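Visitor: Sharing query08.cif here; it has mmCIF, C-alpha atoms.
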data_model
#
loop_
_atom_site.label_atom_id
_atom_site.label_comp_id
_atom_site.auth_asym_id
_atom_site.auth_seq_id
_atom_site.Cartn_x
_atom_site.Cartn_y
_atom_site.Cartn_z
CA MET X 1357 0.00 0.00 0.00
CA GLY X 1358 2.82 2.38 0.86
CA THR X 1359 4.41 1.86 -2.56
CA LEU X 1360 1.12 2.63 -4.31
CA VAL X 1361 0.81 5.87 -2.34
CA ILE X 1362 4.33 6.87 -3.38
CA ILE X 1363 3.59 6.09 -7.06
CA ALA X 1364 0.32 8.02 -6.91
CA GLN X 1365 2.05 11.07 -5.44
CA LEU X 1366 4.82 10.90 -8.03
CA ILE X 1367 2.42 10.67 -10.97
CA LEU X 1368 0.17 13.45 -9.64
CA ALA X 1369 3.14 15.75 -8.99
CA LEU X 1370 4.58 15.09 -12.46
CA ALA X 1371 1.17 15.65 -14.07
CA ILE X 1372 0.76 19.01 -12.33
CA LEU X 1373 4.29 20.14 -13.18
CA VAL X 1374 4.21 18.98 -16.79
CA VAL X 1375 0.80 20.50 -17.58
CA LEU X 1376 1.70 23.86 -16.04
CA HIS X 1377 5.14 23.85 -17.70
CA GLU X 1378 3.63 23.21 -21.09
CA LEU X 1379 0.97 25.86 -20.47
CA GLY X 1380 3.89 28.24 -20.05
CA HIS X 1381 4.71 27.60 -23.71
CA PHE X 1382 1.12 27.16 -24.94
CA ILE X 1383 -0.43 30.37 -23.62
CA PRO X 1384 2.10 32.86 -25.07
CA ALA X 1385 2.10 30.90 -28.34
CA LYS X 1386 -1.66 31.37 -28.56
CA LEU X 1387 -1.38 35.04 -27.55
CA PHE X 1388 1.06 35.58 -30.40
CA LYS X 1389 -1.36 33.78 -32.75
CA ILE X 1390 0.90 30.78 -33.40
CA LYS X 1391 -0.64 27.44 -34.31
CA VAL X 1392 -0.17 24.79 -31.62
CA GLU X 1393 -0.72 21.36 -33.16
CA LYS X 1394 -0.50 19.19 -30.01
CA PHE X 1395 -0.65 19.57 -26.23
CA TYR X 1396 0.24 16.35 -24.42
CA LEU X 1397 0.60 15.25 -20.83
CA PHE X 1398 3.23 12.46 -20.96
CA PHE X 1399 4.65 11.11 -24.20
CA ASN X 1400 2.64 9.08 -26.68
CA PRO X 1401 4.91 6.97 -28.91
CA TRP X 1402 2.73 4.70 -31.11
CA PHE X 1403 -0.52 5.44 -29.27
CA SER X 1404 -2.29 7.74 -26.80
CA LEU X 1405 -4.37 6.87 -23.76
CA PHE X 1406 -6.68 9.76 -24.58
CA LYS X 1407 -6.91 12.46 -27.21
CA ILE X 1408 -9.37 15.03 -28.44
CA LYS X 1409 -9.16 17.67 -31.17
CA LYS X 1410 -10.31 21.21 -30.44
CA GLY X 1411 -9.66 23.83 -33.06
CA ASP X 1412 -6.15 23.39 -34.46
CA THR X 1413 -4.86 21.61 -31.35
CA GLU X 1414 -4.94 17.95 -30.39
CA TYR X 1415 -5.06 17.54 -26.62
CA GLY X 1416 -4.04 14.18 -25.20
CA ILE X 1417 -2.54 11.99 -22.50
CA GLY X 1418 0.34 9.69 -23.39
CA TRP X 1419 1.24 6.42 -21.73
CA LEU X 1420 4.92 7.16 -21.06
CA PRO X 1421 5.19 9.39 -17.94
CA LEU X 1422 8.56 10.94 -18.73
CA GLY X 1423 7.32 14.47 -19.34
CA GLY X 1424 5.05 16.13 -21.86
CA TYR X 1425 5.15 18.47 -24.83
CA VAL X 1426 3.45 21.05 -26.99
CA LYS X 1427 4.06 20.79 -30.74
CA ILE X 1428 4.29 24.32 -32.08
CA ALA X 1429 3.98 24.79 -35.83
CA GLY X 1430 7.12 25.92 -37.64
CA MET X 1431 9.57 24.88 -34.96
CA ILE X 1432 12.28 22.22 -34.91
CA ASP X 1433 11.65 20.34 -31.68
CA GLU X 1434 11.74 16.82 -30.27
CA SER X 1435 9.18 15.65 -32.86
CA MET X 1436 11.89 16.15 -35.54
CA ASP X 1437 9.15 17.06 -38.04
CA THR X 1438 11.46 18.32 -40.80
CA ASP X 1439 8.90 18.03 -43.61
CA GLN X 1440 7.03 21.05 -42.25
CA MET X 1441 10.25 23.08 -42.28
CA LYS X 1442 10.71 22.43 -46.02
CA GLN X 1443 7.54 24.37 -46.76
CA PRO X 1444 7.46 28.19 -47.06
CA PRO X 1445 6.90 29.88 -43.66
CA LYS X 1446 3.27 30.62 -42.77
CA PRO X 1447 2.09 33.62 -40.74
CA ASP X 1448 0.86 31.40 -37.90
CA GLU X 1449 4.17 29.53 -37.49
CA PHE X 1450 6.81 29.94 -34.82
CA ARG X 1451 9.57 30.75 -37.31
CA SER X 1452 7.55 33.65 -38.75
CA LYS X 1453 7.34 35.55 -35.48
CA PRO X 1454 9.77 38.17 -34.09
CA THR X 1455 12.68 36.82 -32.05
CA TRP X 1456 11.44 38.44 -28.82
CA GLN X 1457 8.10 36.63 -29.11
CA ARG X 1458 9.79 33.30 -29.70
CA LEU X 1459 12.06 33.93 -26.72
CA ILE X 1460 9.07 34.59 -24.45
CA ILE X 1461 7.47 31.34 -25.61
CA MET X 1462 10.61 29.31 -24.91
CA ILE X 1463 11.22 30.69 -21.41
CA GLY X 1464 7.53 30.44 -20.53
CA GLY X 1465 7.73 26.89 -19.16
CA VAL X 1466 10.66 27.61 -16.87
CA THR X 1467 9.05 30.85 -15.71
CA VAL X 1468 5.86 29.01 -14.75
CA ASN X 1469 7.83 26.38 -12.81
CA ILE X 1470 9.69 29.02 -10.80
CA LEU X 1471 6.48 30.94 -10.08
CA LEU X 1472 4.74 27.70 -9.11
CA ALA X 1473 7.49 26.80 -6.62
CA PHE X 1474 7.36 30.30 -5.13
CA PHE X 1475 3.56 30.12 -4.89
CA LEU X 1476 3.52 26.65 -3.30
CA TYR X 1477 6.17 27.52 -0.72
CA ALA X 1478 4.29 30.71 0.14
CA MET X 1479 0.98 28.84 0.55
CA ILE X 1480 2.62 26.16 2.69
CA ALA X 1481 3.94 28.90 4.97
CA TYR X 1482 0.53 30.60 5.06
CA PHE X 1483 -1.62 27.51 5.75
CA TRP X 1484 0.73 25.42 7.87
CA GLY X 1485 3.40 27.78 9.13
CA LYS X 1486 6.72 26.36 10.23
CA ASP X 1487 7.34 23.88 13.04
CA TYR X 1488 10.87 23.18 14.13
CA VAL X 1489 13.17 22.84 17.12
CA LYS X 1490 15.59 25.74 17.50
CA ASN X 1491 19.22 24.73 17.52
CA GLN X 1492 19.64 26.07 21.06
CA ASP X 1493 16.81 23.81 22.27
CA TYR X 1494 18.64 20.62 21.28
CA ILE X 1495 20.12 20.61 24.74
CA TYR X 1496 22.09 17.37 24.35
CA GLY X 1497 23.97 18.48 21.22
CA ILE X 1498 24.54 16.30 18.18
CA GLU X 1499 25.11 12.66 17.41
CA VAL X 1500 27.65 12.09 14.64
CA LEU X 1501 26.45 9.43 12.20
CA THR X 1502 29.69 8.75 10.33
CA GLU X 1503 32.99 7.69 11.85
CA LYS X 1504 34.81 9.47 9.04
CA LEU X 1505 33.82 12.84 10.50
CA GLU X 1506 34.08 11.83 14.14
CA GLY X 1507 37.11 12.52 16.32
CA GLU X 1508 38.73 14.97 18.70
CA ASN X 1509 39.77 17.26 15.84
CA LEU X 1510 36.44 16.78 14.07
CA PHE X 1511 32.98 16.30 15.59
CA MET X 1512 32.09 14.44 18.76
CA ASN X 1513 28.80 13.28 20.21
CA GLY X 1514 27.45 16.01 22.46
CA ASP X 1515 28.95 18.88 20.44
CA LYS X 1516 26.63 21.83 19.95
CA ILE X 1517 27.08 23.38 16.51
CA LEU X 1518 26.83 27.14 16.92
CA ALA X 1519 27.80 28.45 13.49
CA VAL X 1520 28.69 27.28 9.97
CA GLU X 1521 31.11 29.38 7.91
CA GLY X 1522 30.70 32.09 10.55
CA GLU X 1523 26.91 32.20 10.17
CA PRO X 1524 24.91 31.44 13.35
CA LEU X 1525 22.88 28.24 13.09
CA ASP X 1526 19.18 28.50 13.96
CA ASP X 1527 18.11 25.00 12.90
CA LEU X 1528 20.35 21.97 13.47
CA MET X 1529 19.15 20.32 10.25
CA GLN X 1530 20.64 23.26 8.34
CA ALA X 1531 24.06 21.94 9.35
CA ASN X 1532 23.40 18.82 7.28
CA SER X 1533 22.38 20.75 4.19
CA LYS X 1534 25.30 23.16 4.51
CA MET X 1535 27.68 20.20 4.77
CA LEU X 1536 26.20 17.90 2.14
CA ILE X 1537 24.97 20.51 -0.33
CA ASN X 1538 27.21 23.53 0.13
CA GLN X 1539 30.32 21.60 1.24
CA ALA X 1540 30.83 23.98 4.16
CA LYS X 1541 34.19 23.35 5.83
CA ASN X 1542 34.32 25.68 8.83
CA TYR X 1543 32.25 25.03 11.96
CA THR X 1544 32.06 26.58 15.40
CA VAL X 1545 30.99 24.18 18.13
CA GLU X 1546 30.60 24.21 21.88
CA ARG X 1547 32.26 21.20 23.50
CA ASN X 1548 32.10 20.72 27.26
CA GLY X 1549 31.59 24.45 27.74
CA GLU X 1550 34.46 25.47 25.45
CA ILE X 1551 34.31 26.99 21.97
CA VAL X 1552 36.08 24.83 19.36
CA GLU X 1553 36.73 25.76 15.74
CA ILE X 1554 36.61 22.81 13.30
CA THR X 1555 37.89 22.88 9.74
CA ILE X 1556 37.18 19.95 7.45
CA LYS X 1557 40.00 19.23 5.01
CA GLU X 1558 39.49 18.64 1.31
CA GLU X 1559 39.29 14.87 1.71
CA GLY X 1560 36.48 15.45 4.16
CA VAL X 1561 34.39 16.83 1.30
CA ASP X 1562 34.56 13.43 -0.39
CA TYR X 1563 33.42 11.82 2.85
CA MET X 1564 30.38 14.08 2.84
CA LEU X 1565 29.45 13.07 -0.69
CA GLU X 1566 29.61 9.39 0.24
CA GLU X 1567 26.85 9.89 2.80
CA GLU X 1568 23.40 8.85 1.58
CA ASN X 1569 21.65 10.59 4.44
CA ILE X 1570 22.32 13.20 7.08
CA VAL X 1571 25.65 13.50 8.88
CA PHE X 1572 24.26 14.85 12.15
CA ARG X 1573 21.12 14.31 14.12
CA PRO X 1574 20.05 15.53 17.54
CA ARG X 1575 21.49 13.54 20.42
CA ILE X 1576 18.65 12.08 22.42
CA PRO X 1577 18.38 10.55 25.89
CA SER X 1578 17.61 6.87 26.47
CA ILE X 1579 13.89 7.01 27.20
CA ILE X 1580 11.56 4.17 26.26
CA ASP X 1581 8.72 5.15 23.95
CA SER X 1582 7.17 1.68 23.62
CA VAL X 1583 7.99 -1.95 24.46
CA LEU X 1584 7.43 -4.85 22.07
CA ASP X 1585 5.36 -7.79 23.24
CA ARG X 1586 7.24 -10.98 24.17
CA SER X 1587 10.53 -9.06 24.04
CA LEU X 1588 13.45 -9.11 26.47
CA ALA X 1589 12.50 -5.59 27.54
CA ASN X 1590 8.97 -6.79 28.32
CA LYS X 1591 10.24 -9.80 30.31
CA THR X 1592 12.64 -7.53 32.23
CA GLY X 1593 9.80 -5.24 33.26
CA LEU X 1594 10.73 -2.14 31.28
CA LYS X 1595 7.88 0.30 30.64
CA LYS X 1596 7.10 3.33 28.53
CA GLY X 1597 8.76 6.43 30.00
CA ASP X 1598 11.61 4.57 31.74
CA LYS X 1599 14.89 6.50 31.56
CA PHE X 1600 18.12 4.51 31.42
CA ASN X 1601 20.88 5.39 33.84
CA THR X 1602 23.50 2.62 33.70
CA LEU X 1603 23.89 -0.76 32.00
CA ASN X 1604 26.45 -3.14 33.53
CA GLY X 1605 28.07 -0.15 35.20
CA GLU X 1606 28.34 1.92 31.99
CA ASN X 1607 26.60 5.29 31.76
CA VAL X 1608 23.88 4.96 29.11
CA GLU X 1609 21.79 8.08 29.74
CA MET X 1610 22.26 8.99 26.07
CA TYR X 1611 20.84 6.58 23.50
CA ASP X 1612 24.02 6.51 21.37
CA ASP X 1613 25.94 5.38 24.50
CA PHE X 1614 23.29 2.71 25.11
CA ARG X 1615 23.76 1.31 21.58
CA LYS X 1616 27.56 1.34 21.88
CA THR X 1617 27.40 -0.46 25.21
CA ILE X 1618 25.17 -3.18 23.77
CA ILE X 1619 27.66 -3.67 20.90
CA GLN X 1620 30.54 -3.95 23.39
CA LEU X 1621 28.68 -6.46 25.57
CA LYS X 1622 27.83 -8.53 22.52
CA SER X 1623 31.44 -8.51 21.31
CA ILE X 1624 32.65 -10.07 24.57
CA GLN X 1625 29.55 -12.29 24.77
CA THR X 1626 28.42 -11.10 28.19
CA ASP X 1627 25.59 -13.38 29.36
CA SER X 1628 23.82 -11.26 31.97
CA PHE X 1629 22.96 -7.62 32.48
CA GLU X 1630 22.09 -5.28 35.30
CA MET X 1631 20.61 -1.87 34.62
CA VAL X 1632 19.60 1.12 36.67
CA ILE X 1633 16.60 3.04 35.37
CA ASN X 1634 14.72 6.14 36.47
CA ARG X 1635 10.98 5.55 36.66
CA ASN X 1636 8.98 8.60 37.69
CA GLY X 1637 11.92 9.94 39.70
CA GLU X 1638 12.67 6.64 41.44
CA LEU X 1639 15.86 4.66 40.69
CA LEU X 1640 15.21 0.95 40.07
CA THR X 1641 17.65 -1.89 39.44
CA LEU X 1642 16.59 -4.55 36.92
CA SER X 1643 18.55 -7.60 35.77
CA GLY X 1644 18.28 -10.54 33.41
CA GLN X 1645 19.94 -12.69 30.76
CA PHE X 1646 20.77 -11.66 27.21
CA ASP X 1647 19.50 -13.81 24.38
CA THR X 1648 21.61 -14.48 21.28
CA SER X 1649 20.41 -11.33 19.52
CA TYR X 1650 21.39 -8.96 22.36
CA THR X 1651 18.25 -7.03 21.46
CA PHE X 1652 15.96 -5.68 24.18
CA GLY X 1653 13.02 -4.96 21.91
CA PHE X 1654 11.88 -1.42 22.62
CA TYR X 1655 11.56 1.83 20.70
CA ASN X 1656 13.39 4.84 22.04
CA VAL X 1657 11.87 8.30 21.87
CA ASN X 1658 12.91 10.29 18.82
CA ALA X 1659 14.11 13.85 18.37
CA TYR X 1660 10.67 15.06 17.33
CA SER X 1661 8.81 13.75 20.38
CA ASP X 1662 8.20 15.88 23.45
CA VAL X 1663 11.84 15.66 24.53
CA PHE X 1664 12.68 19.04 23.02
CA LYS X 1665 10.84 22.34 23.03
CA LYS X 1666 9.20 23.03 19.68
CA THR X 1667 8.80 26.41 18.02
CA HIS X 1668 5.90 27.24 15.71
CA ILE X 1669 5.97 30.22 13.37
CA SER X 1670 2.70 31.44 11.85
CA TYR X 1671 2.71 33.65 8.76
CA THR X 1672 0.13 36.17 7.62
CA PHE X 1673 -0.56 36.19 3.88
CA GLY X 1674 1.72 39.21 3.52
CA GLU X 1675 4.51 37.49 5.47
CA ALA X 1676 4.09 34.21 3.56
CA ILE X 1677 4.92 35.85 0.21
CA PRO X 1678 8.54 36.82 1.04
CA GLU X 1679 8.96 33.55 2.96
CA GLY X 1680 7.92 31.59 -0.14
CA TYR X 1681 10.36 33.63 -2.23
CA ARG X 1682 13.15 32.99 0.29
CA ILE X 1683 12.59 29.24 0.32
CA ALA X 1684 12.31 29.00 -3.47
CA LYS X 1685 15.51 31.02 -3.90
CA LYS X 1686 17.41 28.91 -1.36
CA THR X 1687 16.14 25.67 -2.89
CA LEU X 1688 17.34 26.76 -6.34
CA SER X 1689 20.70 27.92 -4.97
CA ASP X 1690 21.23 24.63 -3.10
CA TYR X 1691 20.31 22.58 -6.16
CA ILE X 1692 22.74 24.52 -8.35
CA SER X 1693 25.48 23.90 -5.76
CA GLN X 1694 24.73 20.17 -5.90
CA PHE X 1695 24.65 20.12 -9.69
CA LYS X 1696 28.09 21.71 -9.94
CA LEU X 1697 29.60 18.75 -8.07
CA ILE X 1698 28.81 16.43 -10.97
CA PHE X 1699 31.63 18.09 -12.89
CA THR X 1700 34.13 18.23 -10.01
CA LYS X 1701 33.56 15.19 -7.77
CA LYS X 1702 33.32 11.63 -9.06
CA GLU X 1703 31.34 10.62 -5.97
CA ALA X 1704 28.62 13.09 -6.97
CA VAL X 1705 28.04 11.28 -10.27
CA LYS X 1706 27.15 8.13 -8.34
CA LYS X 1707 24.47 10.08 -6.48
CA VAL X 1708 22.63 11.08 -9.66
CA GLY X 1709 19.24 9.40 -9.60
CA GLY X 1710 16.23 8.87 -11.85
CA PHE X 1711 12.58 8.21 -11.17
CA GLY X 1712 13.38 5.78 -8.36
CA THR X 1713 15.30 8.48 -6.52
CA ILE X 1714 12.57 11.04 -7.17
CA ALA X 1715 9.94 8.65 -5.83
CA LYS X 1716 11.85 8.26 -2.57
CA ILE X 1717 11.28 11.90 -1.65
CA PHE X 1718 7.58 11.14 -1.18
CA PRO X 1719 6.36 9.48 2.06
CA THR X 1720 4.48 6.17 2.21
CA THR X 1721 1.43 7.86 3.71
CA TRP X 1722 -0.43 10.74 2.09
CA ASP X 1723 0.25 14.10 3.67
CA TRP X 1724 -0.76 17.21 1.72
CA ARG X 1725 1.80 19.48 3.32
CA THR X 1726 4.62 17.11 2.41
CA PHE X 1727 3.16 16.50 -1.05
CA TRP X 1728 3.04 20.20 -1.94
CA SER X 1729 6.50 20.77 -0.47
CA ARG X 1730 7.98 17.96 -2.60
CA THR X 1731 6.10 19.19 -5.66
CA ALA X 1732 7.51 22.69 -5.15
CA PHE X 1733 11.02 21.22 -4.93
CA LEU X 1734 10.53 19.23 -8.14
CA SER X 1735 9.23 22.37 -9.83
CA VAL X 1736 12.53 24.11 -9.00
CA VAL X 1737 14.48 21.11 -10.33
CA LEU X 1738 12.41 21.01 -13.53
CA ALA X 1739 12.96 24.73 -14.11
CA PHE X 1740 16.72 24.49 -13.63
CA MET X 1741 17.17 21.36 -15.76
CA ASN X 1742 15.07 22.80 -18.60
CA ILE X 1743 17.00 26.07 -18.78
CA LEU X 1744 20.34 24.29 -19.25
CA PRO X 1745 21.80 25.26 -22.64
CA ILE X 1746 21.38 21.77 -24.10
CA PRO X 1747 19.71 21.39 -27.52
CA ALA X 1748 16.31 19.67 -27.16
CA LEU X 1749 15.73 21.51 -23.87
CA ASP X 1750 14.16 24.94 -23.50
CA GLY X 1751 17.59 26.32 -22.64
CA GLY X 1752 18.95 25.07 -25.95
CA HIS X 1753 16.25 26.90 -27.89
CA VAL X 1754 16.89 30.02 -25.81
CA MET X 1755 20.62 29.75 -26.59
CA PHE X 1756 19.97 29.69 -30.34
CA LEU X 1757 17.48 32.55 -30.12
CA LEU X 1758 20.02 34.68 -28.26
CA TYR X 1759 22.54 33.86 -30.99
CA GLU X 1760 20.00 35.01 -33.56
CA MET X 1761 19.43 38.28 -31.70
CA ILE X 1762 23.18 38.96 -31.54
CA ALA X 1763 24.17 37.73 -34.99
CA GLY X 1764 21.12 39.11 -36.75
CA ARG X 1765 20.33 35.79 -38.41
CA PRO X 1766 19.18 32.38 -37.16
CA PRO X 1767 21.23 29.17 -37.39
CA SER X 1768 20.35 27.08 -40.44
CA ASP X 1769 17.56 24.52 -40.22
CA LYS X 1770 20.09 21.79 -40.99
CA PHE X 1771 22.24 22.86 -38.03
CA LEU X 1772 19.21 23.03 -35.74
CA GLU X 1773 18.16 19.53 -36.78
CA LYS X 1774 21.60 18.12 -35.98
CA ALA X 1775 21.78 20.08 -32.72
CA GLN X 1776 18.35 18.78 -31.74
CA LEU X 1777 19.44 15.20 -32.42
CA PHE X 1778 22.69 15.72 -30.47
CA GLY X 1779 20.79 17.20 -27.54
CA PHE X 1780 18.36 14.30 -27.59
CA MET X 1781 21.28 11.86 -27.37
CA ILE X 1782 22.65 13.78 -24.36
CA LEU X 1783 19.28 13.60 -22.63
CA VAL X 1784 18.97 9.86 -23.30
CA SER X 1785 22.49 9.33 -21.92
CA LEU X 1786 21.64 11.32 -18.77
CA MET X 1787 18.44 9.35 -18.28
CA LEU X 1788 20.30 6.06 -18.69
CA LEU X 1789 22.90 7.21 -16.15
CA ALA X 1790 20.32 8.40 -13.64
CA ASN X 1791 17.98 5.45 -13.87
CA GLY X 1792 20.91 3.05 -14.21
CA ASN X 1793 22.21 4.33 -10.86
CA ASP X 1794 18.78 3.64 -9.38
CA VAL X 1795 18.82 0.06 -10.70
CA TYR X 1796 22.36 -0.48 -9.43
CA ARG X 1797 21.47 0.80 -5.97
CA TRP X 1798 18.36 -1.39 -5.94
CA ILE X 1799 20.34 -4.51 -6.91
CA THR X 1800 23.26 -3.90 -4.53
CA GLY X 1801 21.14 -2.46 -1.73
CA ASN X 1802 23.36 0.64 -1.52
#
Using structure tokens, write down the structure that the file contains.

Guide:
Amino acid sequence: MGTLVIIAQLILALAILVVLHELGHFIPAKLFKIKVEKFYLFFNPWFSLFKIKKGDTEYGIGWLPLGGYVKIAGMIDESMDTDQMKQPPKPDEFRSKPTWQRLIIMIGGVTVNILLAFFLYAMIAYFWGKDYVKNQDYIYGIEVLTEKLEGENLFMNGDKILAVEGEPLDDLMQANSKMLINQAKNYTVERNGEIVEITIKEEGVDYMLEEENIVFRPRIPSIIDSVLDRSLANKTGLKKGDKFNTLNGENVEMYDDFRKTIIQLKSIQTDSFEMVINRNGELLTLSGQFDTSYTFGFYNVNAYSDVFKKTHISYTFGEAIPEGYRIAKKTLSDYISQFKLIFTKKEAVKKVGGFGTIAKIFPTTWDWRTFWSRTAFLSVVLAFMNILPIPALDGGHVMFLLYEMIAGRPPSDKFLEKAQLFGFMILVSLMLLANGNDVYRWITGN
């Protein structure tokens, strides 16, 4: 069921983004009295799931959900309809219109995607506001999730990250994005009451790129959230709300220390255990025998439970507008920073993903706030990818139109045909790389 929910969200998001993107081309084309022959959601090689003809335009839904298209008369595009280009130009064709009109048509899709992302982020802020834990309210500091960035001269469990690249940190999760996306190298942390400056060396950047997930998370105390039936924890008498103090003499008040202690006891095959817990302010001693799994069978509280003080920010409609702009701008900036790494770091190429990776950003249960947030993010990605100066993309057409404006004449139709074919080959190669990475990760489990 969870997989079906993910697929449904992915298809709905793509449908919304594709239709609005193509409307960004369609509407100005119609305003400039250009004939639009087809308007399609998804591609329709060989056959269409649905189609209807209204006026000069055929509207339809294809069966291949890899995008969509509008076929504008008198334009060399992905349809590679060269026969039309051999005929004399007609007044209602793309090639017959002034360069500035053609430029507006080609940037229309990207413009709509950027405006959509801005609008969605603004509406999310207006209707739901923002809920988060301030960095200062993570009173136990951080837990470092990779040994490669853990150490006395790097990060240690319990550190409190105060600033990144000299900029004060308001939200701990920003530290992850600044490290993994922006490759920030300079951090100011508080460690045992002292201020420590940490600088990650160049090889540390490669470590960051190897991480699939976050590098830091809030350090949390060992407090039982729930106990599994017929588990060792249940047999021992552990209950919801119990706070761990010691386990076989080791301090395990923090959950990362509890896990490390269990690993140590398992490595030396310790048979029995004795723990001290705090239950409603009273210290209790419990004991028992480990089974072969060394698993107690309980869920610990997480960072988003009532352990930490939460902050809610509400936005008026007027306040939501600049907040939506800020988030859209930051999302685009972060994505550009990530994209640049493809050309400079080999590890980044391995992280490129296709539809499998895109699907993973959606949750297994339907949540409208999350859905619209993910859709806004994909709208930013779609805008950026389409404006790249690659033939067959909007950015490629824009590039040739700018050349025409500067040179005073357009490239030849023969050149445009070859460029379109070359761009199509690039796109196919990128899709094979991205989706091939997804398949490889699925097979290897990485």

Visitor: I need the output of the PyMOL selection byres ((chain X and resi 1584) around 9) for this file as a list in words; which residues are they?

Guide: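 On this input, the PyMOL selection byres ((chain X and resi 1584) around 9) captures Ser1582, Val1583, Asp1585, Arg1586, Ser1587, Leu1588, Ala1589, Asn1590, Phe1652, Gly1653, Phe1654 and Tyr1655 of chain X.
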
Visitor: Go ahead and write the residues just picked, C-alpha atoms, as a compact mmCIF listing (two decimals), in the coordinates of the input.

Guide:
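Listing of selection.txt after writing:
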# COMPACT_ATOMS: atom_id res chain seq x y z
CA SER X 1582 7.17 1.68 23.62
CA VAL X 1583 7.99 -1.95 24.46
CA ASP X 1585 5.36 -7.79 23.24
CA ARG X 1586 7.24 -10.98 24.17
CA SER X 1587 10.53 -9.06 24.04
CA LEU X 1588 13.45 -9.11 26.47
CA ALA X 1589 12.50 -5.59 27.54
CA ASN X 1590 8.97 -6.79 28.32
CA PHE X 1652 15.96 -5.68 24.18
CA GLY X 1653 13.02 -4.96 21.91
CA PHE X 1654 11.88 -1.42 22.62
CA TYR X 1655 11.56 1.83 20.70

Visitor: For Tyr1611 in chain X, list every protein, DNA or RNA residue within 8 Å, evaluated using all atoms listed in the file, and leave out those in the same chain fewer than 2 positions away; present the list as a PDB file with C-alpha atoms, keeping the file's coordinate frame.

Guide:
ATOM      1  CA  ARG X1575      21.490  13.540  20.420  1.00  0.00           C
ATOM      2  CA  ILE X1576      18.650  12.080  22.420  1.00  0.00           C
ATOM      3  CA  PRO X1577      18.380  10.550  25.890  1.00  0.00           C
ATOM      4  CA  SER X1578      17.610   6.870  26.470  1.00  0.00           C
ATOM      5  CA  ILE X1579      13.890   7.010  27.200  1.00  0.00           C
ATOM      6  CA  VAL X1608      23.880   4.960  29.110  1.00  0.00           C
ATOM      7  CA  GLU X1609      21.790   8.080  29.740  1.00  0.00           C
ATOM      8  CA  ASP X1613      25.940   5.380  24.500  1.00  0.00           C
ATOM      9  CA  PHE X1614      23.290   2.710  25.110  1.00  0.00           C
ATOM     10  CA  ARG X1615      23.760   1.310  21.580  1.00  0.00           C
ATOM     11  CA  ASN X1656      13.390   4.840  22.040  1.00  0.00           C
TER      12      ASN X1656
END

Visitor: Which residues are close to Ala1478 in chain X, i.e. within 12 Å by all atoms listed in the file, leaving aside same-chain residues fewer than 2 positions away? Reply as a count of residues only.

Guide: 33

Visitor: Please provide as a short mmCIF file (atom, residue, chain, number, x, y, z; two decimals) with C-alpha atoms, in the frame of the given file all residues within 9 Å of range 1404-1415 of chain X, with the sequence filter that same-chain residues fewer than 5 positions apart are discarded (counting all atoms listed in the file).

Guide:
data_model
loop_
_atom_site.label_atom_id
_atom_site.label_comp_id
_atom_site.auth_asym_id
_atom_site.auth_seq_id
_atom_site.Cartn_x
_atom_site.Cartn_y
_atom_site.Cartn_z
CA LYS X 1391 -0.64 27.44 -34.31
CA VAL X 1392 -0.17 24.79 -31.62
CA GLU X 1393 -0.72 21.36 -33.16
CA LYS X 1394 -0.50 19.19 -30.01
CA PHE X 1395 -0.65 19.57 -26.23
CA TYR X 1396 0.24 16.35 -24.42
CA LEU X 1397 0.60 15.25 -20.83
CA PHE X 1399 4.65 11.11 -24.20
CA LYS X 1427 4.06 20.79 -30.74
#

Visitor: To one decimal in Å, tell me the separation between CA of Met1479 in chain X and CA of Phe1664 in chain X.

Guide: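 Taking CA of Met1479 in chain X and CA of Phe1664 in chain X, their separation equals 27.2 Å.
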
Visitor: I'd like to know which of X:Lys1516, X:Asp1487, X:Arg1451, X:Ala1748 is closest to Tyr1425 in chain X, using only C-alpha atoms.

Guide: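 Smallest separation from Tyr1425 in chain X among the options: X:Ala1748.
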
Visitor: Write out as a PyMOL selection string which residues come within 8 Å of range 1548-1558 of chain X when counting all atoms listed in the file, dropping same-chain ones fewer than 3 positions away.

Guide: chain X and resi 1509-1511+1515+1541-1545+1561-1562

Visitor: With C-alpha atoms retained, could you export that selection as a compact mmCIF listing (two decimals), in the coordinates of the input?

Guide:
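Dumped to part-v5.txt:
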# COMPACT_ATOMS: atom_id res chain seq x y z
CA ASN X 1509 39.77 17.26 15.84
CA LEU X 1510 36.44 16.78 14.07
CA PHE X 1511 32.98 16.30 15.59
CA ASP X 1515 28.95 18.88 20.44
CA LYS X 1541 34.19 23.35 5.83
CA ASN X 1542 34.32 25.68 8.83
CA TYR X 1543 32.25 25.03 11.96
CA THR X 1544 32.06 26.58 15.40
CA VAL X 1545 30.99 24.18 18.13
CA VAL X 1561 34.39 16.83 1.30
CA ASP X 1562 34.56 13.43 -0.39

Visitor: Could you tell me which of X:Gln1539, X:Ile1570, X:Tyr1691, X:Phe1382 comes closest to Leu1501 in chain X if we count only C-alpha atoms?

Guide: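 Among the listed residues, the smallest separation from Leu1501 in chain X belongs to X:Ile1570.
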
Visitor: Can you tell me how far CA of Ile1367 in chain X sits from CA of Thr1726 in chain X, in Å to one decimal?

Guide: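 Interatomic distance, CA of Ile1367 in chain X to CA of Thr1726 in chain X: 15.0 Å.
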
Visitor: Can you pull out every residue within 12 Å of Asp1723 in chain X, counting all atoms listed in the file, but drop anything in the same chain fewer than 4 positions away, and send it as a list in words?

Guide: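 Once the adjacent positions are removed, what remains is Val1361, Ile1362, Gln1365, Phe1718, Pro1719, Phe1727, Trp1728, Ser1729 and Arg1730 of chain X.
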